Structure formats: C-alpha cells, structure tokens
file protein_36.cif (mmCIF, C-alpha atoms)
data_start
#
loop_
_atom_site.label_atom_id
_atom_site.label_comp_id
_atom_site.auth_asym_id
_atom_site.auth_seq_id
_atom_site.Cartn_x
_atom_site.Cartn_y
_atom_site.Cartn_z
CA MET A 1 0.00 0.00 0.00
CA ASN A 2 1.81 3.13 -1.16
CA ARG A 3 1.30 6.47 0.45
CA SER A 4 -1.00 8.16 -2.06
CA MET A 5 -3.37 5.18 -2.12
CA LEU A 6 -3.46 5.19 1.66
CA ASP A 7 -4.23 8.90 1.77
CA LEU A 8 -6.95 8.39 -0.81
CA TRP A 9 -8.65 5.62 1.15
CA VAL A 10 -8.47 7.41 4.49
CA GLY A 11 -9.79 10.55 2.85
CA PHE A 12 -12.61 8.58 1.29
CA PHE A 13 -13.44 6.97 4.66
CA VAL A 14 -13.44 10.27 6.55
CA ALA A 15 -15.53 11.94 3.83
CA ILE A 16 -18.31 9.35 3.86
CA ALA A 17 -18.27 9.29 7.68
CA ILE A 18 -18.70 13.08 7.76
CA GLY A 19 -21.44 12.63 5.18
CA ALA A 20 -23.14 10.16 7.54
CA MET A 21 -22.88 12.63 10.43
CA LEU A 22 -24.37 15.39 8.27
CA PHE A 23 -27.16 13.02 7.29
CA LEU A 24 -27.86 12.35 10.97
CA ALA A 25 -27.74 16.04 11.85
CA LEU A 26 -29.82 17.39 8.97
CA LYS A 27 -32.16 14.63 7.87
CA VAL A 28 -32.73 12.64 11.07
CA SER A 29 -32.87 15.34 13.74
CA SER A 30 -34.79 18.57 13.60
CA PHE A 31 -32.06 20.96 14.79
CA SER A 32 -34.60 22.62 17.02
CA GLY A 33 -32.06 24.78 18.84
CA ILE A 34 -30.62 26.62 15.86
CA GLU A 35 -33.74 27.55 13.95
CA MET A 36 -34.92 30.09 16.51
CA GLN A 37 -33.53 33.54 15.76
CA ASP A 38 -33.87 36.67 17.93
CA ALA A 39 -36.10 34.69 20.26
CA TYR A 40 -37.71 36.51 23.17
CA THR A 41 -38.83 35.11 26.52
CA VAL A 42 -42.20 35.71 28.12
CA GLN A 43 -43.75 34.27 31.27
CA ALA A 44 -47.10 32.73 32.02
CA ARG A 45 -48.65 31.67 35.32
CA PHE A 46 -50.77 28.56 35.56
CA ASP A 47 -52.81 27.09 38.41
CA ASN A 48 -51.89 23.62 37.24
CA ILE A 49 -49.46 22.65 34.51
CA GLY A 50 -50.34 18.95 34.50
CA GLY A 51 -47.55 17.01 32.83
CA LEU A 52 -45.91 19.91 30.98
CA LYS A 53 -42.17 19.48 30.63
CA ILE A 54 -39.24 21.73 29.83
CA LYS A 55 -38.65 21.83 26.04
CA ALA A 56 -42.34 21.17 25.40
CA PRO A 57 -43.51 22.85 22.18
CA VAL A 58 -45.41 26.13 22.10
CA ARG A 59 -47.89 26.25 19.25
CA SER A 60 -50.18 28.83 17.79
CA ALA A 61 -52.82 27.69 15.33
CA GLY A 62 -50.99 24.33 15.48
CA VAL A 63 -47.69 25.74 14.22
CA LEU A 64 -44.55 25.46 16.34
CA VAL A 65 -43.59 29.01 17.42
CA GLY A 66 -41.41 28.38 20.47
CA ARG A 67 -40.48 26.16 23.38
CA VAL A 68 -40.90 26.01 27.15
CA THR A 69 -37.52 26.90 28.66
CA ASP A 70 -38.16 26.84 32.41
CA ILE A 71 -40.83 25.77 34.88
CA HIS A 72 -40.78 26.59 38.56
CA PHE A 73 -43.13 27.05 41.48
CA ASP A 74 -43.89 30.59 42.66
CA ASN A 75 -44.12 30.42 46.44
CA ASP A 76 -45.85 33.83 46.73
CA THR A 77 -48.86 33.14 44.57
CA TYR A 78 -48.76 29.32 44.75
CA GLU A 79 -48.81 29.12 40.99
CA ALA A 80 -46.55 27.52 38.41
CA LEU A 81 -44.36 30.03 36.59
CA VAL A 82 -43.58 28.89 33.04
CA GLU A 83 -41.03 30.63 30.84
CA ILE A 84 -41.66 30.46 27.12
CA ARG A 85 -39.17 31.31 24.41
CA ILE A 86 -40.87 32.47 21.25
CA ASP A 87 -39.22 32.67 17.83
CA GLY A 88 -38.45 36.31 16.94
CA ARG A 89 -40.19 35.94 13.57
CA TYR A 90 -43.57 35.85 15.30
CA THR A 91 -45.22 38.65 17.25
CA PHE A 92 -48.32 38.29 19.39
CA PRO A 93 -50.73 40.89 20.83
CA LYS A 94 -50.29 41.75 24.53
CA ASP A 95 -53.55 40.09 25.55
CA THR A 96 -52.72 36.75 23.96
CA SER A 97 -53.93 33.86 26.11
CA ALA A 98 -52.06 30.64 26.80
CA ALA A 99 -53.60 27.23 27.39
CA ILE A 100 -52.03 23.89 28.17
CA ASN A 101 -53.35 21.38 25.66
CA THR A 102 -52.76 17.72 25.07
CA ALA A 103 -51.79 16.29 21.70
CA GLY A 104 -54.31 13.53 21.19
CA LEU A 105 -55.99 11.75 24.08
CA LEU A 106 -52.85 10.59 25.86
CA GLY A 107 -50.12 12.50 24.00
CA ASP A 108 -47.58 15.00 25.24
CA GLN A 109 -48.71 18.33 26.58
CA TYR A 110 -47.95 21.61 24.84
CA ILE A 111 -48.81 25.28 25.25
CA GLY A 112 -51.28 26.73 22.80
CA LEU A 113 -51.27 30.48 22.21
CA GLN A 114 -54.57 32.13 21.25
CA TYR A 115 -54.43 35.55 19.55
CA GLY A 116 -55.87 38.55 21.38
CA VAL A 117 -56.95 41.93 20.00
CA ASP A 118 -54.50 44.33 21.65
CA GLU A 119 -52.53 46.55 19.26
CA ARG A 120 -49.35 46.47 21.35
CA ALA A 121 -47.16 43.40 20.83
CA LEU A 122 -45.91 41.01 23.46
CA SER A 123 -42.24 41.72 24.14
CA ALA A 124 -39.43 40.18 26.18
CA GLY A 125 -40.14 39.93 29.91
CA ASP A 126 -43.91 40.32 29.60
CA THR A 127 -46.33 38.05 31.42
CA ILE A 128 -49.25 36.41 29.70
CA LYS A 129 -52.26 37.25 31.88
CA LYS A 130 -54.97 35.00 30.59
CA THR A 131 -54.07 31.37 31.06
CA GLN A 132 -55.93 28.13 31.08
CA SER A 133 -54.61 25.23 33.13
CA ALA A 134 -54.05 21.71 32.00
CA VAL A 135 -57.04 19.44 31.94
CA VAL A 136 -56.53 16.66 34.44
CA LEU A 137 -58.43 13.64 33.20
CA GLU A 138 -59.02 12.16 36.66
CA GLN A 139 -60.60 15.41 37.92
CA LEU A 140 -62.88 15.56 34.90
CA ILE A 141 -64.05 12.01 35.46
CA SER A 142 -64.63 12.48 39.20
CA GLN A 143 -66.52 15.75 38.58
CA PHE A 144 -68.66 13.98 36.04
CA LEU A 145 -69.39 11.13 38.43
CA PHE A 146 -70.22 13.45 41.34
CA ASN A 147 -72.55 15.50 39.13
CA LYS A 148 -74.33 12.35 38.02
CA ALA A 149 -74.68 11.22 41.64
CA ALA A 150 -76.03 14.64 42.66
CA GLU A 151 -78.59 14.57 39.83
CA GLY A 152 -79.76 11.16 40.99
CA GLN A 153 -80.35 12.48 44.52
CA ASP A 154 -82.32 15.50 43.26
CA LYS A 155 -84.83 13.28 41.50
CA GLU A 156 -85.72 11.31 44.62
CA MET B 157 -4.83 -24.87 59.10
CA THR B 158 -2.22 -24.67 56.36
CA ARG B 159 -4.99 -25.08 53.85
CA LEU B 160 -6.78 -22.04 55.25
CA LEU B 161 -3.58 -20.02 55.15
CA ASP B 162 -3.02 -21.14 51.57
CA PHE B 163 -6.51 -19.94 50.69
CA PHE B 164 -5.87 -16.50 52.15
CA ARG B 165 -2.49 -16.35 50.44
CA PHE B 166 -4.16 -17.20 47.14
CA LEU B 167 -6.87 -14.58 47.70
CA GLY B 168 -4.31 -11.94 48.62
CA ALA B 169 -2.14 -12.74 45.62
CA GLN B 170 -5.15 -12.46 43.29
CA VAL B 171 -6.23 -9.09 44.70
CA VAL B 172 -2.71 -7.65 44.67
CA GLU B 173 -2.22 -8.91 41.12
CA ARG B 174 -5.47 -7.24 39.94
CA ILE B 175 -4.68 -3.93 41.62
CA TRP B 176 -1.11 -3.98 40.36
CA ARG B 177 -2.38 -4.58 36.83
CA LEU B 178 -4.90 -1.75 37.12
CA GLY B 179 -2.15 0.59 38.26
CA TYR B 180 0.11 -0.58 35.46
CA PHE B 181 -2.71 -0.03 32.97
CA THR B 182 -3.28 3.51 34.25
CA ARG B 183 0.43 4.38 34.11
CA PHE B 184 0.58 2.93 30.60
CA ALA B 185 -2.42 5.05 29.57
CA VAL B 186 -0.79 8.20 30.93
CA ALA B 187 2.47 7.31 29.16
CA VAL B 188 0.62 6.84 25.85
CA LEU B 189 -1.07 10.24 26.26
CA PHE B 190 2.19 12.03 27.10
CA LYS B 191 4.06 10.40 24.24
CA SER B 192 1.38 11.05 21.60
CA GLY B 193 3.19 14.15 20.36
CA ALA B 194 5.01 12.32 17.58
CA ALA B 195 1.85 10.47 16.51
CA LEU B 196 0.00 13.74 16.05
CA VAL B 197 2.86 15.75 14.53
CA ARG B 198 3.94 13.01 12.11
CA PHE B 199 0.32 12.39 11.23
CA GLN B 200 1.25 9.95 8.47
CA LEU B 201 1.86 7.33 11.19
CA THR B 202 -1.65 7.78 12.57
CA LEU B 203 -3.13 7.93 9.08
CA ARG B 204 -1.80 4.46 8.39
CA GLU B 205 -3.49 3.19 11.56
CA ILE B 206 -6.76 4.88 10.61
CA TRP B 207 -6.51 2.91 7.40
CA PHE B 208 -6.01 -0.34 9.34
CA ALA B 209 -8.60 0.29 12.05
CA GLY B 210 -11.14 2.34 10.14
CA VAL B 211 -11.07 1.70 6.40
CA LEU B 212 -10.62 -2.06 6.76
CA SER B 213 -13.55 -2.23 9.25
CA LEU B 214 -15.83 -0.40 6.80
CA ILE B 215 -17.32 -3.48 5.15
CA ILE B 216 -18.29 -5.28 8.36
CA ILE B 217 -19.65 -2.06 9.93
CA LEU B 218 -21.73 -1.11 6.88
CA VAL B 219 -23.13 -4.60 6.32
CA SER B 220 -23.94 -5.18 10.01
CA GLY B 221 -25.52 -1.73 10.26
CA LEU B 222 -27.70 -2.44 7.27
CA PHE B 223 -28.86 -5.79 8.66
CA VAL B 224 -29.49 -4.42 12.16
CA GLY B 225 -31.61 -1.69 10.55
CA LEU B 226 -33.50 -4.22 8.42
CA VAL B 227 -34.31 -6.36 11.47
CA LEU B 228 -35.31 -3.30 13.52
CA GLY B 229 -37.59 -2.26 10.69
CA LEU B 230 -39.28 -5.67 10.48
CA GLN B 231 -39.67 -6.23 14.22
CA GLY B 232 -40.58 -2.62 14.93
CA TYR B 233 -43.27 -2.62 12.26
CA GLU B 234 -44.65 -5.93 13.55
CA ILE B 235 -45.08 -4.50 17.05
CA LEU B 236 -46.08 -0.94 16.16
CA GLN B 237 -48.78 -1.90 13.68
CA ARG B 238 -50.63 -3.76 16.48
CA PHE B 239 -51.15 -0.37 18.12
CA GLY B 240 -51.96 1.32 14.86
CA SER B 241 -48.89 3.53 14.96
CA ALA B 242 -46.71 2.18 12.18
CA GLU B 243 -45.73 5.78 11.35
CA ALA B 244 -43.67 5.82 14.56
CA LEU B 245 -41.34 3.26 12.94
CA GLY B 246 -38.88 5.99 11.94
CA THR B 247 -38.73 7.27 15.51
CA MET B 248 -38.17 3.82 16.93
CA VAL B 249 -35.45 2.83 14.47
CA ALA B 250 -33.62 6.16 14.72
CA LEU B 251 -33.72 6.47 18.50
CA SER B 252 -32.68 2.91 19.25
CA LEU B 253 -29.83 3.15 16.76
CA LEU B 254 -28.57 6.59 17.71
CA ARG B 255 -28.81 6.17 21.46
CA GLU B 256 -27.75 2.56 22.00
CA LEU B 257 -27.27 0.16 19.12
CA GLY B 258 -25.08 2.37 16.94
CA PRO B 259 -22.30 3.06 19.44
CA VAL B 260 -22.53 -0.30 21.25
CA VAL B 261 -22.70 -2.70 18.31
CA ALA B 262 -20.19 -0.66 16.31
CA GLY B 263 -17.95 -0.73 19.38
CA LEU B 264 -18.24 -4.49 19.77
CA LEU B 265 -17.52 -5.03 16.07
CA PHE B 266 -14.64 -2.59 16.25
CA ALA B 267 -13.17 -4.43 19.24
CA SER B 268 -13.29 -7.76 17.49
CA ARG B 269 -12.21 -6.52 14.07
CA ALA B 270 -9.67 -3.76 14.79
CA GLY B 271 -8.88 -4.23 18.49
CA SER B 272 -7.80 -7.84 18.07
CA ALA B 273 -5.68 -6.90 15.04
CA ILE B 274 -3.92 -4.15 17.01
CA THR B 275 -3.21 -6.52 19.92
CA ALA B 276 -1.92 -9.21 17.57
CA GLU B 277 0.35 -6.77 15.75
CA ILE B 278 1.90 -5.28 18.88
CA GLY B 279 2.07 -8.68 20.60
CA LEU B 280 3.87 -10.20 17.64
CA MET B 281 6.27 -7.25 17.48
CA LYS B 282 7.02 -7.91 21.12
CA ALA B 283 7.41 -11.67 20.60
CA THR B 284 9.86 -11.12 17.72
CA GLU B 285 11.70 -8.53 19.83
CA GLN B 286 11.07 -5.68 17.40
CA LEU B 287 10.05 -3.45 20.29
CA LYS B 288 13.31 -4.17 22.08
CA ALA B 289 15.24 -3.47 18.87
CA MET B 290 13.52 -0.09 18.60
CA ASP B 291 14.46 0.67 22.17
CA MET B 292 18.09 -0.18 21.35
CA MET B 293 17.98 2.33 18.49
CA ALA B 294 16.68 4.98 20.91
CA VAL B 295 13.25 4.91 19.28
CA ASP B 296 10.57 4.87 21.96
CA PRO B 297 8.20 2.00 21.06
CA VAL B 298 5.34 3.62 22.99
CA ALA B 299 5.65 6.80 20.92
CA ARG B 300 6.42 5.07 17.60
CA VAL B 301 4.19 1.96 17.74
CA VAL B 302 1.57 2.30 20.48
CA ALA B 303 0.45 5.95 20.30
CA PRO B 304 -0.37 6.01 16.54
CA ARG B 305 -2.46 2.84 16.92
CA PHE B 306 -4.27 4.31 19.90
CA TRP B 307 -5.11 7.55 18.09
CA GLY B 308 -6.03 5.72 14.90
CA GLY B 309 -8.60 3.74 16.89
CA VAL B 310 -9.90 6.78 18.76
CA ILE B 311 -10.43 8.71 15.52
CA SER B 312 -11.95 5.79 13.60
CA MET B 313 -14.50 4.69 16.19
CA PRO B 314 -16.93 7.68 16.17
CA LEU B 315 -16.80 7.78 12.37
CA LEU B 316 -17.63 4.06 12.20
CA ALA B 317 -20.48 4.46 14.72
CA ALA B 318 -21.98 7.32 12.71
CA LEU B 319 -21.78 5.20 9.56
CA PHE B 320 -23.38 2.27 11.41
CA SER B 321 -26.30 4.41 12.60
CA SER B 322 -26.84 5.97 9.17
CA MET B 323 -26.73 2.58 7.51
CA GLY B 324 -29.18 1.21 10.09
CA ILE B 325 -31.63 4.05 9.52
CA PHE B 326 -31.33 3.44 5.79
CA GLY B 327 -32.08 -0.27 6.41
CA GLY B 328 -35.13 0.60 8.52
CA TRP B 329 -36.33 2.95 5.79
CA LEU B 330 -35.76 0.25 3.16
CA ILE B 331 -37.93 -2.28 5.01
CA GLY B 332 -40.51 0.15 6.36
CA VAL B 333 -41.08 2.45 3.40
CA VAL B 334 -39.93 0.55 0.32
CA PHE B 335 -41.02 -3.01 1.15
CA ILE B 336 -43.89 -2.66 3.63
CA GLY B 337 -45.25 0.67 2.50
CA VAL B 338 -45.23 2.94 5.55
CA ASP B 339 -45.77 6.52 4.39
CA ASP B 340 -42.43 8.10 3.45
CA GLY B 341 -43.26 11.57 4.75
CA ALA B 342 -44.60 10.31 8.08
CA PHE B 343 -41.53 8.10 8.53
CA TRP B 344 -39.10 11.04 8.27
CA SER B 345 -41.23 13.69 9.94
CA SER B 346 -42.00 11.59 13.02
CA MET B 347 -38.30 10.83 13.22
CA GLN B 348 -37.32 14.50 12.95
CA ALA B 349 -39.93 15.50 15.50
CA SER B 350 -38.57 13.24 18.21
CA VAL B 351 -34.84 13.04 17.54
CA ASP B 352 -33.03 15.89 19.22
CA PHE B 353 -29.59 16.87 17.96
CA ARG B 354 -28.01 17.46 21.35
CA HIS B 355 -29.70 14.79 23.41
CA ASP B 356 -29.71 11.95 20.94
CA ILE B 357 -27.12 12.43 18.22
CA TRP B 358 -24.45 14.22 20.21
CA ASN B 359 -24.80 11.83 23.16
CA GLY B 360 -24.47 8.90 20.75
CA ILE B 361 -21.31 10.37 19.25
CA PHE B 362 -19.94 11.05 22.73
CA LYS B 363 -20.60 7.43 23.69
CA SER B 364 -18.76 6.20 20.60
CA ILE B 365 -15.77 8.44 21.42
CA VAL B 366 -15.64 6.97 24.96
CA PHE B 367 -15.86 3.42 23.57
CA GLY B 368 -13.16 4.24 21.02
CA VAL B 369 -10.79 5.39 23.77
CA ALA B 370 -11.59 2.34 25.93
CA VAL B 371 -11.22 -0.26 23.17
CA SER B 372 -8.06 1.25 21.68
CA LEU B 373 -6.43 1.57 25.08
CA ILE B 374 -7.28 -2.01 26.04
CA ALA B 375 -6.07 -3.30 22.67
CA VAL B 376 -2.69 -1.56 22.77
CA PHE B 377 -2.21 -2.40 26.46
CA GLU B 378 -2.93 -6.10 26.03
CA GLY B 379 -0.58 -6.22 23.04
CA TYR B 380 2.18 -4.38 24.85
CA ASP B 381 1.70 -6.47 28.01
CA SER B 382 1.39 -9.85 26.27
CA GLU B 383 3.73 -12.72 27.01
CA PRO B 384 6.25 -12.82 24.14
CA THR B 385 5.26 -16.31 22.99
CA ALA B 386 2.78 -17.58 20.41
CA GLU B 387 0.48 -18.77 23.19
CA GLY B 388 0.83 -15.51 25.09
CA VAL B 389 -0.13 -13.46 22.04
CA SER B 390 -3.19 -15.58 21.39
CA ARG B 391 -4.25 -15.22 25.03
CA ALA B 392 -3.73 -11.46 24.84
CA ILE B 393 -6.00 -11.27 21.78
CA THR B 394 -8.72 -13.21 23.61
CA ARG B 395 -8.39 -10.90 26.62
CA THR B 396 -8.68 -7.84 24.36
CA VAL B 397 -11.97 -8.98 22.87
CA VAL B 398 -13.49 -10.15 26.16
CA THR B 399 -12.37 -7.15 28.22
CA SER B 400 -13.40 -4.67 25.51
CA ALA B 401 -16.85 -6.21 25.18
CA LEU B 402 -17.46 -6.16 28.93
CA THR B 403 -16.06 -2.63 29.24
CA ILE B 404 -18.27 -1.35 26.42
CA LEU B 405 -21.42 -2.84 27.92
CA ALA B 406 -20.64 -1.64 31.46
CA LEU B 407 -19.65 1.86 30.28
CA ASP B 408 -22.78 2.01 28.14
CA PHE B 409 -24.98 1.39 31.15
CA VAL B 410 -23.18 4.06 33.19
CA LEU B 411 -23.27 6.63 30.36
CA THR B 412 -26.93 5.93 29.57
CA SER B 413 -27.98 6.34 33.19
CA PHE B 414 -26.25 9.74 33.28
CA MET B 415 -27.36 10.96 29.85
CA PHE B 416 -30.97 9.93 29.61
CA ARG B 417 -32.09 10.29 33.19
CA GLY B 418 -34.82 12.86 33.57
CA ILE B 419 -35.58 13.15 29.87
CA SER B 420 -39.02 12.01 28.89
#
call {"tool": "encode", "arguments": {"input": "protein_36.cif", "output": "structure tokens"}}
result
Amino acid sequence: MNRSMLDLWVGFFVAIAIGAMLFLALKVSSFSGIEMQDAYTVQARFDNIGGLKIKAPVRSAGVLVGRVTDIHFDNDTYEALVEIRIDGRYTFPKDTSAAINTAGLLGDQYIGLQYGVDERALSAGDTIKKTQSAVVLEQLISQFLFNKAAEGQDKE
Amino acid sequence: MTRLLDFFRFLGAQVVERIWRLGYFTRFAVAVLFKSGAALVRFQLTLREIWFAGVLSLIIILVSGLFVGLVLGLQGYEILQRFGSAEALGTMVALSLLRELGPVVAGLLFASRAGSAITAEIGLMKATEQLKAMDMMAVDPVARVVAPRFWGGVISMPLLAALFSSMGIFGGWLIGVVFIGVDDGAFWSSMQASVDFRHDIWNGIFKSIVFGVAVSLIAVFEGYDSEPTAEGVSRAITRTVVTSALTILALDFVLTSFMFRGIS
C-alpha cells in the first residue's frame, strides 16, 4: 500500500463518515435549537401545569412558534411560573392567552397560544395574563361522576 | 490450618495482582497520552493506523448496520402496527440506533475486528523482539508503535459508529417504506420531530468516542503487556476482545444512566 493510495482511502473513509454525520444532523434530527432567531422570553402563570415538561412545544394555530424553557413554582402566589421562548419571527398581541393542551388523548402536553386583539405586541419579559390550566383527566371524570350522583339524589 | 492459610495467600495474591495490573494499565495510559506528540505531529503514522482500524472495518460495519436496521424495521413494524402507529417506525429505528445500538454494536464489532488486530500486531512485534530493537535504536516504542495505533482507533471509532447508525436508519427505511409501504413523509417527519440533535445524536457520538478510547487503550495495552510467545499473544487477543466487550457494555450502562435520566 503506497502512500497516495493510503491517503486516498483514508480521505474517502473520513468523507463518507462526515457525510453520515451530516445526514444524521440534517435529515434525522430537527435541529430545534438553531432555527430560533432573535427569540424573546415571556412568562405565564398557571394554576396547574399537568404534565408539561421543559422543552415542550409552544404552538399557535398548530404551528410550532417556540419552546418552554423553564418551569418553577412561585411560592408567593402558589402558581406555576412557566417561561416560554418564542421565535423572533412571530409577534403576538399583549392580551394573547395561553392554554395547556394535550396532543391527542394521551399524547404529550404543549402550550397553545390564542391571539388577542391588543394593538401592542408582546415583548421580552412580559407576562401572559390570561391562562388556562391543563385538563386533568381524573378530575374531569370524578366531577362527572359526582354531578351524576347529585342529579340522581335530586330526582328522589 | 495450612490449607486455610493457603486460601488466604491465594486470595491476597489475586487481589494484589489485579490492583497492580490496574495501576500498570493507568500508568501505561498516561504514558501513551504524554508520548502522543510524535503520533499527532507526524500524522502519516496515525493515518496508516486509521486505514487499518477504520477503512478495513468499513465493510463489516456497513453490512452489520444495514442488517441491524432491516431487522429493527421488520420487528418494529410488527409490534407498532398492532397499536396502529406504524408511522412511529422511523422514531423507533432512529432512537434505538442513535442512542444505543449504533455506538454499542459498532464498538463491539470494532473491538473484534480492529482491536484484536492491534493486539496481535503489537504482541507479535514484542514476541519477535522488534520493540526491544527499537528501544536499542533509541526509538521509543510507545511513541512510535503504540500511540499512533491508539489515536487511529480513537479517531476511527466515532466515524464508524456514525456510519453504522446511518446505515441502520437506511435499512429501517428500506424495510418500512420501500417493502412494507409505511408513508415516506410520516416516517421522516415523526423521526425528525422526536430526535433531538443534542440529546440523541451528540450523546451517541460522545458514547462512541468513549468506547473508542476504551477499546483502543485495552487493545494496545494487552498487546504491549502480552507474554512474548505464540500462546501468550493468542491469550492477549482473547483478553482484548473479552475485556473490551465487557467494558463497552458496562460503560454504556453508566453513560446511559447519566445521559438519559430525567428526559421524557
């Protein structure tokens, strides 16, 4: 094996391996971190966030517009404080409302943003005032059962 | 009474021997790192070892990757279609390959294909006293023989693991989309939606780098430490493969429990 052949083969090997890594990076993963440009962070308070996790998607009209970056408990108001990073390409009115929705019946939870009517736009550091907590399936079922039981008693 | 003493003597000798060997291994590893200057400056030496460890392992890595992907595609489809979610096939194939199978199986193949060859080469050089001859000529065998082989292995391993994963995903796509008829768009988009660059791909590459260091180090150490006889070399090769395989699997468990704890 002379030197130029060896260089050629090693070069070939490294090139296809780098090609494979590019394939993995570009075609297989979504590169979610790099897409967001000039992103700004807003906060939202929820009574109950259910199973929301950090890095959960934030969607408006079903389109991905940002991600949840931090979740912590506010000990003064006893609410969950959720930080949302929104892609700088999108602007929302100041009175936009946020709701925690579930993808499908048992899917992951995400934050849905609903447009408001305010003319001023939401900017970095703002807090979303109108929020709707996660729907907890067990609570819904127990409420339904208790209501049914109460109706039954009224009739007697 | 003497029997009991003999037992304790045996136990003590075993423990001391193991600890001594571990210390020797560590000092050897440090020596290889400190003497890698020549291997990295005269890169032609390392290039030759990349050719031996990397290019010559290409065929087995590519073919195994393809077949692992094909099997994952078949079995994954069989299970997923029971729950009516055959579109998640892309996610399943990609995540299991990138997180676990890619680095681990590529590492095992690398240990048995390249690691054993490195041990055999160094062991035979030792048995035929080539290492001693180098020493006589004031050429440090650790710098001239061991370090380039170590770095060749370390550089080749992540590249081979990436190729293995890509090939596996291609195999899963071949079975899922081309032969069975899962929707092409859903296959890729569900994969892209759930594979994260940092958490999945980068952690997989990091794992393969760790395995590359471990396997290369074990291979060169066993070769350098082998008894200079035909039997000793063959035993060293066996030890390389067995120790590398166990090390890869144990390290994989440790790394996985650190990397993927707390992620959904």
call {"tool": "resolve_selection", "arguments": {"input": "protein_36.cif", "expression": "the PyMOL selection byres ((chain B) within 10 of (chain A))", "output": "PyMOL selection string"}}
result
chain B and resi 200+203-208+210-212+214+246-247+250-251+254+311-312+314-323+325+344-354+356-358+361+419-420
call {"tool": "residues_around", "arguments": {"input": "protein_36.cif", "residues": "Tyr115 of chain A", "least_positions_apart": "5", "cutoff": "7 Å", "atoms": "all atoms listed in the file", "output": "PyMOL selection string"}}
result
chain A and resi 92-93+96-97
call {"tool": "residues_around", "arguments": {"input": "protein_36.cif", "residues": "Asp38 of chain A", "least_positions_apart": "4", "cutoff": "8 Å", "atoms": "all atoms listed in the file", "output": "PDB file with C-alpha atoms, keeping the file's coordinate frame"}}
result
ATOM      1  CA  ASP A  87     -39.220  32.670  17.830  1.00  0.00           C
ATOM      2  CA  GLY A  88     -38.450  36.310  16.940  1.00  0.00           C
ATOM      3  CA  ARG A  89     -40.190  35.940  13.570  1.00  0.00           C
TER       4      ARG A  89
END
call {"tool": "atom_distance", "arguments": {"input": "protein_36.cif", "atom1": "atom CA of Leu122 of chain A", "atom2": "atom CA of Ala98 of chain A"}}
result
12.5 Å
call {"tool": "atom_distance", "arguments": {"input": "protein_36.cif", "atom1": "atom CA of Ser252 of chain B", "atom2": "atom CA of Leu52 of chain A"}}
result
24.5 Å
call {"tool": "resolve_selection", "arguments": {"input": "protein_36.cif", "expression": "the PyMOL selection byres ((chain B and resi 405) around 12)", "output": "PyMOL selection string"}}
result
chain B and resi 256-257+259-264+363-364+366-367+370-371+398-404+406-412
call {"tool": "closest_residue", "arguments": {"input": "protein_36.cif", "among": "B:Ala342, B:Ile235, B:Leu280, B:Met313", "to": "Pro384 of chain B", "atoms": "all atoms listed in the file"}}
result
B:Leu280
call {"tool": "atom_distance", "arguments": {"input": "protein_36.cif", "atom1": "atom CA of Val389 of chain B", "atom2": "atom CA of Ile215 of chain B"}}
result
26.1 Å
call {"tool": "resolve_selection", "arguments": {"input": "protein_36.cif", "expression": "the PyMOL selection byres ((chain A and resi 131) around 7)", "output": "PDB file with C-alpha atoms, in the frame of the given file"}}
result
ATOM      1  CA  ARG A  45     -48.650  31.670  35.320  1.00  0.00           C
ATOM      2  CA  PHE A  46     -50.770  28.560  35.560  1.00  0.00           C
ATOM      3  CA  SER A  97     -53.930  33.860  26.110  1.00  0.00           C
ATOM      4  CA  ALA A  98     -52.060  30.640  26.800  1.00  0.00           C
ATOM      5  CA  ALA A  99     -53.600  27.230  27.390  1.00  0.00           C
ATOM      6  CA  LYS A 129     -52.260  37.250  31.880  1.00  0.00           C
ATOM      7  CA  LYS A 130     -54.970  35.000  30.590  1.00  0.00           C
ATOM      8  CA  GLN A 132     -55.930  28.130  31.080  1.00  0.00           C
ATOM      9  CA  SER A 133     -54.610  25.230  33.130  1.00  0.00           C
TER      10      SER A 133
END
call {"tool": "axis_aligned_box", "arguments": {"input": "protein_36.cif", "around": "segment 140-154 of chain A", "padding_each_side": "6 Å", "output": "AutoDock Vina command-line options"}}
result
--center_x -72.6 --center_y 13.4 --center_z 39.7 --size_x 31.4 --size_y 16.6 --size_z 21.6
call {"tool": "closest_residue", "arguments": {"input": "protein_36.cif", "among": "B:Gln286, B:Arg198, B:Gly229, B:Phe184", "to": "Phe335 of chain B", "atoms": "only C-alpha atoms"}}
result
B:Gly229
